[in-house]
Every structure is written in structure tokens, then in C-alpha cells.
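Quick look at data03.tsv (TSV, C-alpha atoms and all ligand atoms):
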```tsv
chain	number	residue	atom	x	y	z
A	1432	MET	CA	108.27	80.37	89.79
A	1433	SER	CA	107.27	83.21	87.55
A	1434	GLY	CA	105.16	86.13	88.68
A	1435	ALA	CA	101.91	85.65	86.78
A	1436	ALA	CA	98.87	87.09	88.51
A	1437	GLY	CA	96.84	83.92	87.92
A	1438	GLU	CA	99.13	81.75	90.01
A	1439	TYR	CA	98.18	80.03	93.22
A	1440	LEU	CA	100.08	79.50	96.39
A	1441	ASP	CA	99.44	75.89	97.44
A	1442	LEU	CA	99.64	75.86	101.23
A	1443	THR	CA	98.98	72.11	101.41
A	1444	ARG	CA	102.50	71.54	100.06
A	1445	VAL	CA	104.28	73.62	102.64
A	1446	SER	CA	104.54	70.71	105.07
A	1447	GLN	CA	106.93	69.01	102.64
A	1448	ARG	CA	108.93	72.04	101.63
A	1449	PRO	CA	108.82	75.78	102.36
A	1450	ILE	CA	107.71	77.96	99.45
A	1451	ARG	CA	109.51	81.16	98.47
A	1452	TRP	CA	108.03	83.55	95.97
A	1453	ALA	CA	109.10	86.92	94.65
A	1454	GLY	CA	107.53	88.78	91.81
A	1455	ALA	CA	105.62	91.78	90.56
A	1456	ILE	CA	101.95	92.20	89.78
A	1457	SER	CA	100.30	94.98	87.78
A	1458	LEU	CA	97.93	97.05	89.88
A	1459	SER	CA	95.45	96.85	87.00
A	1460	ALA	CA	95.23	93.08	87.66
A	1461	LEU	CA	93.86	93.84	91.15
A	1462	PRO	CA	90.31	95.07	90.51
A	1463	ARG	CA	89.37	96.02	94.09
A	1464	LEU	CA	92.56	98.00	94.51
A	1465	ALA	CA	92.28	99.57	91.06
A	1466	ALA	CA	88.89	100.92	92.11
A	1467	ALA	CA	90.41	102.58	95.18
A	1468	VAL	CA	93.38	104.33	93.57
A	1469	ALA	CA	93.58	107.29	91.20
A	1470	ASP	CA	96.04	105.54	88.86
A	1471	SER	CA	96.31	101.77	88.42
A	1472	GLY	CA	99.25	102.00	86.02
A	1473	GLY	CA	101.96	100.85	88.42
A	1474	GLN	CA	103.09	97.56	89.88
A	1475	ALA	CA	103.31	95.97	93.28
A	1476	THR	CA	106.40	93.97	94.13
A	1477	VAL	CA	106.14	91.12	96.58
A	1478	GLU	CA	108.44	88.80	98.44
A	1479	LEU	CA	106.99	86.04	100.54
A	1480	GLN	CA	107.77	82.80	102.22
A	1481	ALA	CA	105.38	80.08	103.34
A	1482	ILE	CA	106.61	77.77	106.08
A	1483	GLN	CA	105.31	75.28	108.58
A	1484	ALA	CA	106.36	75.47	112.21
A	1485	ASN	CA	104.78	73.71	115.20
A	1486	GLY	CA	102.00	72.44	112.97
A	1487	GLN	CA	101.02	75.93	111.82
A	1488	VAL	CA	101.43	76.97	108.19
A	1489	SER	CA	102.24	80.67	107.91
A	1490	VAL	CA	102.95	83.10	105.11
A	1491	HIS	CA	105.11	86.10	105.78
A	1492	GLY	CA	106.71	88.71	103.59
A	1493	GLN	CA	106.53	92.24	102.30
A	1494	VAL	CA	104.58	94.05	99.61
A	1495	GLN	CA	105.68	97.38	98.11
A	1496	ALA	CA	103.92	99.73	95.72
A	1497	ASN	CA	103.85	103.41	94.87
A	1498	LEU	CA	100.15	104.11	94.89
A	1499	VAL	CA	98.45	107.27	93.69
A	1500	LEU	CA	95.37	108.21	95.67
A	1501	THR	CA	92.89	111.08	95.43
A	1502	CYS	CA	93.08	113.64	98.23
A	1503	GLN	CA	89.65	113.96	99.81
A	1504	ARG	CA	90.21	117.63	100.64
A	1505	CYS	CA	91.40	119.10	97.33
A	1506	PHE	CA	90.72	116.16	94.96
A	1507	GLY	CA	94.28	116.39	93.69
A	1508	SER	CA	96.50	113.35	93.34
A	1509	LEU	CA	98.48	112.14	96.28
A	1510	ASP	CA	101.54	109.89	96.15
A	1511	PHE	CA	101.22	107.13	98.69
A	1512	PRO	CA	104.17	104.75	98.89
A	1513	VAL	CA	103.27	101.48	100.60
A	1514	LYS	CA	105.73	99.10	102.21
A	1515	ALA	CA	103.77	96.62	104.26
A	1516	ASP	CA	104.99	93.58	106.15
A	1517	PHE	CA	102.56	90.75	106.70
A	1518	ASN	CA	102.51	87.62	108.82
A	1519	LEU	CA	99.55	85.41	108.01
A	1520	ALA	CA	98.54	82.05	109.39
A	1521	TRP	CA	96.54	79.63	107.28
A	1522	VAL	CA	93.24	78.73	108.94
A	1523	ARG	CA	90.30	76.72	107.62
A	1524	SER	CA	87.58	78.20	109.83
A	1525	GLU	CA	86.62	81.25	111.87
A	1526	GLU	CA	87.11	79.19	115.04
A	1527	GLU	CA	90.69	78.46	114.10
A	1528	ALA	CA	91.18	82.15	113.34
A	1529	VAL	CA	90.03	83.14	116.84
A	1530	ARG	CA	92.56	80.81	118.44
A	1531	LEU	CA	95.54	82.27	116.57
A	1532	PRO	CA	98.33	83.97	118.53
A	1533	ASP	CA	98.27	87.78	118.14
A	1534	VAL	CA	101.35	87.85	115.92
A	1535	TYR	CA	99.32	86.40	113.05
A	1536	GLU	CA	96.57	87.69	110.84
A	1537	PRO	CA	94.28	84.88	109.69
A	1538	LEU	CA	94.43	83.72	106.08
A	1539	LEU	CA	91.16	81.88	105.67
A	1540	SER	CA	91.09	79.21	102.98
A	1541	LEU	CA	89.32	75.85	102.94
A	1542	SER	CA	91.39	74.32	100.16
A	1543	GLY	CA	94.74	75.89	100.99
A	1544	ARG	CA	95.00	77.20	97.45
A	1545	VAL	CA	95.37	80.95	97.67
A	1546	LYS	CA	95.62	83.21	94.66
A	1547	PHE	CA	98.77	85.33	94.89
A	1548	ALA	CA	96.96	88.31	93.40
A	1549	GLU	CA	94.21	88.20	96.04
A	1550	LEU	CA	96.63	87.87	98.92
A	1551	ILE	CA	98.63	90.86	97.65
A	1552	GLU	CA	95.50	92.88	96.96
A	1553	ASP	CA	94.22	92.31	100.50
A	1554	GLU	CA	97.51	93.49	101.99
A	1555	LEU	CA	97.57	96.62	99.86
A	1556	LEU	CA	93.95	97.44	100.70
A	1557	LEU	CA	94.76	97.09	104.41
A	1558	ALA	CA	97.63	99.55	103.98
A	1559	LEU	CA	95.38	102.26	102.52
A	1560	PRO	CA	94.45	105.19	104.78
A	1561	MET	CA	90.81	105.54	105.92
A	1562	VAL	CA	90.74	108.97	104.28
A	1563	ALA	CA	93.48	110.07	101.90
A	1564	LEU	CA	94.62	113.64	102.61
A	1565	HIS	CA	97.68	115.70	101.75
A	1566	THR	CA	99.85	116.44	104.77
A	1567	PRO	CA	100.37	119.12	105.82
A	1568	PRO	CA	97.01	120.61	104.70
A	1569	GLN	CA	98.98	123.46	103.03
A	1570	ALA	CA	100.17	120.89	100.49
A	1571	CYS	CA	96.64	120.67	99.16
A	1572	GLY	CA	95.93	122.02	95.72
A	1573	GLY	CA	99.63	122.23	94.93
A	1574	ASP	CA	99.05	121.09	91.37
A	1575	GLN	CA	95.82	123.04	90.96
A	1576	ARG	CA	97.00	126.63	91.43
A	1577	GLY	CA	95.41	129.01	88.98
A	1578	LYS	CA	92.56	126.65	88.23
A	1579	VAL	CA	88.97	127.22	89.21
A	1580	GLN	CA	88.24	125.53	92.50
A	1581	PRO	CA	85.84	122.63	92.09
A	1582	PRO	CA	82.57	123.03	93.96
A	1583	ALA	CA	83.72	121.08	96.99
A	1584	ARG	CA	81.24	118.93	98.86
A	1585	ALA	CA	82.89	120.12	102.03
A	1586	VAL	CA	81.00	123.45	101.71
A	1587	LYS	CA	78.39	121.90	104.00
A	1588	THR	CA	80.63	121.95	107.06
A	1589	PRO	CA	80.50	125.68	108.00
A	1590	ARG	CA	76.82	125.25	108.84
A	1591	SER	CA	77.59	122.94	111.75
A	1592	LYS	CA	80.40	125.13	113.01
A	1593	PRO	CA	78.38	127.38	115.39
A	1594	PHE	CA	77.30	124.25	117.24
A	1595	THR	CA	80.82	122.95	117.48
A	1596	ALA	CA	81.86	126.31	118.93
A	1597	LEU	CA	79.04	126.15	121.49
A	1598	LYS	CA	80.09	122.68	122.57
A	1599	THR	CA	83.66	123.79	123.09
A	1600	LEU	CA	82.49	126.74	125.19
A	1601	LYS	CA	80.32	124.52	127.39
A	1602	HIS	CA	83.20	122.25	128.19
A	1603	ARG	CA	85.31	125.10	129.49
B	1701	ZN	ZN	94.85	117.77	99.06
```
Is it possible to express this structure as C-alpha cells?
Amino acid sequence: MSGAAGEYLDLTRVSQRPIRWAGAISLSALPRLAAAVADSGGQATVELQAIQANGQVSVHGQVQANLVLTCQRCFGSLDFPVKADFNLAWVRSEEEAVRLPDVYEPLLSLSGRVKFAELIEDELLLALPMVALHTPPQACGGDQRGKVQPPARAVKTPRSKPFTALKTLKHR
């Protein structure tokens, strides 16, 4: 199999023969991910296997990508390497999903035809942090030294600080 982003994984065929797939997909071909990263120029590499065991079709593998996110503290770029393992079980309904053993994440599809690109995009989105921040905080602004600080939205926070201080005092 080649690695074209338009290809489908046909889970209905897994009962006859396991499917192995390895390839790379441009991040720019993953629109939801592209909207969440600072640079969609790279690629994601994927290795996966779809098998059937005890009547359950599952898809497991690993996705890797070097993502570039925007730090929410300094608005600078932030390298975020992702290496995520996944273990999905094909289900056709929410009810089936609820009954799955904990080791699986549900892969909901009525037809059993799953677009590789969407599966990979979902896994990458799951691997993203809730809020992207440089760690440690001192690493912030590393590539911005000497530039004028942008008017940060975070300026609001000092206002609530006296209250936070009060709360802490009360609890003592
Ligand atoms: Zn930062």
C-alpha cells in the first residue's frame, strides 16, 4: 500500500487477513490539526496494524510527528514532538463502545471504512496539550529577546490577585 492521504482502511476485510500499513502524511492534509499548530509544514509518520481477535476488530500502532505549537504565555513557537501509541477497537454504535474493555479506545464507524488521514488526525489531536506552554517558564520568550513585548492578554490577571491572596490567608 502507498501512503496517500485519501486512502481508506477497510475494517470489513480484517476478518480474512490482518492489514498492515506504514506511511507518512503531510500535516497540511489534516485540516483540523493544521488549525491547531503554528506550522503545518511537517509530516506525521504512522505504523499500524488491524487485526481480528475473539471477534473484535482492533487497530493498533504508533503515530509520530514533530509539531510546532504556539506558547500561550509568550506567543513564541514551541517544539512539541509527539509519539503516541493507540489501541482502537472498531465499534458500530455508542452501545458497543460502552461495552469495550478499558484497553481500547472506540473507533466508531458504521461502514468499517475509515480514512487513514482522519484516524491519524484524531490521534494527533488527542496528543496535544490542553494549553501549550514552554517549560520551564524561564524558557519563554527565548526567541523574542530584544523585541517589543506584545500586549499580552494575560495583563488582566493581576486584578484578581488580591482575592487569591485573601483566599490563601483564610485557609491558613
Ligand atoms: Zn513561552
Response to the item:
Of A:Leu1531, A:Leu1519, A:Val1545, A:Ala1570, the one nearest to Val1490 in chain A when counting all atoms listed in the file is A:Leu1519
Could you produce a table of the residues of chain A lying within 8 Å of ligand ZN 1701 (chain B), with the nearest pair of atoms per residue and their separation in Å rounded to one decimal, using only C-alpha atoms and all ligand atoms, ordered by chain and increasing residue number, as JSON lines?
```
{"residue": "A:Thr1501", "atom": "CA", "partner": "B:ZN1701", "partner_atom": "ZN", "distance": 7.9}
{"residue": "A:Cys1502", "atom": "CA", "partner": "B:ZN1701", "partner_atom": "ZN", "distance": 4.6}
{"residue": "A:Gln1503", "atom": "CA", "partner": "B:ZN1701", "partner_atom": "ZN", "distance": 6.5}
{"residue": "A:Arg1504", "atom": "CA", "partner": "B:ZN1701", "partner_atom": "ZN", "distance": 4.9}
{"residue": "A:Cys1505", "atom": "CA", "partner": "B:ZN1701", "partner_atom": "ZN", "distance": 4.1}
{"residue": "A:Phe1506", "atom": "CA", "partner": "B:ZN1701", "partner_atom": "ZN", "distance": 6.0}
{"residue": "A:Gly1507", "atom": "CA", "partner": "B:ZN1701", "partner_atom": "ZN", "distance": 5.6}
{"residue": "A:Ser1508", "atom": "CA", "partner": "B:ZN1701", "partner_atom": "ZN", "distance": 7.4}
{"residue": "A:Leu1509", "atom": "CA", "partner": "B:ZN1701", "partner_atom": "ZN", "distance": 7.3}
{"residue": "A:Leu1564", "atom": "CA", "partner": "B:ZN1701", "partner_atom": "ZN", "distance": 5.5}
{"residue": "A:His1565", "atom": "CA", "partner": "B:ZN1701", "partner_atom": "ZN", "distance": 4.4}
{"residue": "A:Thr1566", "atom": "CA", "partner": "B:ZN1701", "partner_atom": "ZN", "distance": 7.7}
{"residue": "A:Pro1568", "atom": "CA", "partner": "B:ZN1701", "partner_atom": "ZN", "distance": 6.7}
{"residue": "A:Ala1570", "atom": "CA", "partner": "B:ZN1701", "partner_atom": "ZN", "distance": 6.3}
{"residue": "A:Cys1571", "atom": "CA", "partner": "B:ZN1701", "partner_atom": "ZN", "distance": 3.4}
{"residue": "A:Gly1572", "atom": "CA", "partner": "B:ZN1701", "partner_atom": "ZN", "distance": 5.5}
{"residue": "A:Gly1573", "atom": "CA", "partner": "B:ZN1701", "partner_atom": "ZN", "distance": 7.7}
```
Item to complete: Mind checking which residues fall within 7 Å of Asp1516 in chain A, counting all atoms listed in the file, ignoring those fewer than 3 positions away in the same chain, and posting them as a ChimeraX atom specification?
Response: /A:1492-1494
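In this structure, CA of Ala1520 in chain A sits 6.0 Å away from CA of Val1488 in chain A.
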Worksheet item: In Å, with one decimal, what is the gap from CA of Gly1473 in chain A to CA of Ile1456 in chain A?
Response: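 Rounded to one decimal, the two atoms are 8.8 Å apart.
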Item to complete: With a distance cut-off of 9 Å and only C-alpha atoms, select the neighbouring residues of Val1468 in chain A, excluding the residue or stretch itself and same-chain residues fewer than 2 positions from it, and output the selection as a PyMOL selection string.
Response: chain A and resi 1464-1466+1470-1471+1498-1501
With a cut-off of 7 Å, could you pull out the residues of range 1441-1519 of chain A touching range 1548-1561 of chain A and give me the nearest pair of atoms for each, distance in Å to one decimal, using all atoms listed in the file, ordered by chain and ascending number, as JSON lines?
```
{"residue": "A:Leu1461", "atom": "CA", "partner": "A:Glu1552", "partner_atom": "CA", "distance": 6.1}
{"residue": "A:Leu1464", "atom": "CA", "partner": "A:Leu1556", "partner_atom": "CA", "distance": 6.4}
{"residue": "A:Val1513", "atom": "CA", "partner": "A:Ala1558", "partner_atom": "CA", "distance": 6.9}
{"residue": "A:Ala1515", "atom": "CA", "partner": "A:Ala1558", "partner_atom": "CA", "distance": 6.8}
```
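Reported to one decimal place, the separation of CA of Ser1542 in chain A from CA of Ala1475 in chain A is 25.7 Å.
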Worksheet entry | Distance query Val1522 in chain A at most 12 Å, only C-alpha atoms, self and fewer than 6 positions along chain excluded, as number ranges by chain | A: 1442-1443, 1486-1490, 1528-1531, 1535-1545
Keeping only C-alpha atoms, write those residues as a tab-separated table (two decimals), in the coordinates of the input.
```
chain	number	residue	atom	x	y	z
A	1442	LEU	CA	99.64	75.86	101.23
A	1443	THR	CA	98.98	72.11	101.41
A	1486	GLY	CA	102.00	72.44	112.97
A	1487	GLN	CA	101.02	75.93	111.82
A	1488	VAL	CA	101.43	76.97	108.19
A	1489	SER	CA	102.24	80.67	107.91
A	1490	VAL	CA	102.95	83.10	105.11
A	1528	ALA	CA	91.18	82.15	113.34
A	1529	VAL	CA	90.03	83.14	116.84
A	1530	ARG	CA	92.56	80.81	118.44
A	1531	LEU	CA	95.54	82.27	116.57
A	1535	TYR	CA	99.32	86.40	113.05
A	1536	GLU	CA	96.57	87.69	110.84
A	1537	PRO	CA	94.28	84.88	109.69
A	1538	LEU	CA	94.43	83.72	106.08
A	1539	LEU	CA	91.16	81.88	105.67
A	1540	SER	CA	91.09	79.21	102.98
A	1541	LEU	CA	89.32	75.85	102.94
A	1542	SER	CA	91.39	74.32	100.16
A	1543	GLY	CA	94.74	75.89	100.99
A	1544	ARG	CA	95.00	77.20	97.45
A	1545	VAL	CA	95.37	80.95	97.67
```
Test item: axis-aligned box, all listed atoms of range 1486-1495 of chain A, 8 Å on each side, centre and edges in Å rounded to one decimal, as AutoDock Vina command-line options:
```
--center_x 103.9 --center_y 84.9 --center_z 105.5 --size_x 21.7 --size_y 40.9 --size_z 30.9
```
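If all atoms listed in the file are the atoms counted, then among A:Ala1469, A:Gln1480, A:Glu1525, A:Phe1547 the closest residue to Ala1455 in chain A is A:Phe1547.
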Since the input lacks atoms, please generate N, CA and C atoms for range 1530-1546 of chain A and provide them as a CSV table (one decimal), keeping the file's coordinate frame.
```csv
chain,number,residue,atom,x,y,z
A,1530,ARG,N,91.5,81.4,117.6
A,1530,ARG,CA,92.6,80.8,118.4
A,1530,ARG,C,94.0,81.2,118.1
A,1531,LEU,N,94.2,81.9,117.0
A,1531,LEU,CA,95.5,82.3,116.6
A,1531,LEU,C,96.3,83.2,117.6
A,1532,PRO,N,97.6,83.0,117.7
A,1532,PRO,CA,98.3,84.0,118.5
A,1532,PRO,C,98.3,85.3,117.8
A,1533,ASP,N,98.4,86.4,118.6
A,1533,ASP,CA,98.3,87.8,118.1
A,1533,ASP,C,99.2,88.2,117.0
A,1534,VAL,N,100.4,87.5,116.9
A,1534,VAL,CA,101.4,87.8,115.9
A,1534,VAL,C,100.9,87.6,114.5
A,1535,TYR,N,99.8,86.8,114.4
A,1535,TYR,CA,99.3,86.4,113.0
A,1535,TYR,C,98.0,87.1,112.7
A,1536,GLU,N,97.9,87.4,111.4
A,1536,GLU,CA,96.6,87.7,110.8
A,1536,GLU,C,96.1,86.4,110.2
A,1537,PRO,N,94.8,86.1,110.3
A,1537,PRO,CA,94.3,84.9,109.7
A,1537,PRO,C,94.2,85.0,108.2
A,1538,LEU,N,94.6,83.9,107.5
A,1538,LEU,CA,94.4,83.7,106.1
A,1538,LEU,C,93.5,82.6,105.9
A,1539,LEU,N,92.2,82.9,105.7
A,1539,LEU,CA,91.2,81.9,105.7
A,1539,LEU,C,91.1,81.2,104.3
A,1540,SER,N,91.2,79.9,104.2
A,1540,SER,CA,91.1,79.2,103.0
A,1540,SER,C,90.8,77.8,103.3
A,1541,LEU,N,89.7,77.2,102.7
A,1541,LEU,CA,89.3,75.8,102.9
A,1541,LEU,C,90.3,74.9,102.2
A,1542,SER,N,90.6,75.2,101.0
A,1542,SER,CA,91.4,74.3,100.2
A,1542,SER,C,92.9,74.5,100.4
A,1543,GLY,N,93.3,75.6,100.9
A,1543,GLY,CA,94.7,75.9,101.0
A,1543,GLY,C,95.3,76.4,99.7
A,1544,ARG,N,94.5,76.6,98.7
A,1544,ARG,CA,95.0,77.2,97.4
A,1544,ARG,C,94.6,78.7,97.5
A,1545,VAL,N,95.6,79.5,97.5
A,1545,VAL,CA,95.4,81.0,97.7
A,1545,VAL,C,95.9,81.6,96.4
A,1546,LYS,N,95.1,82.5,95.8
A,1546,LYS,CA,95.6,83.2,94.7
A,1546,LYS,C,96.6,84.3,95.1
```
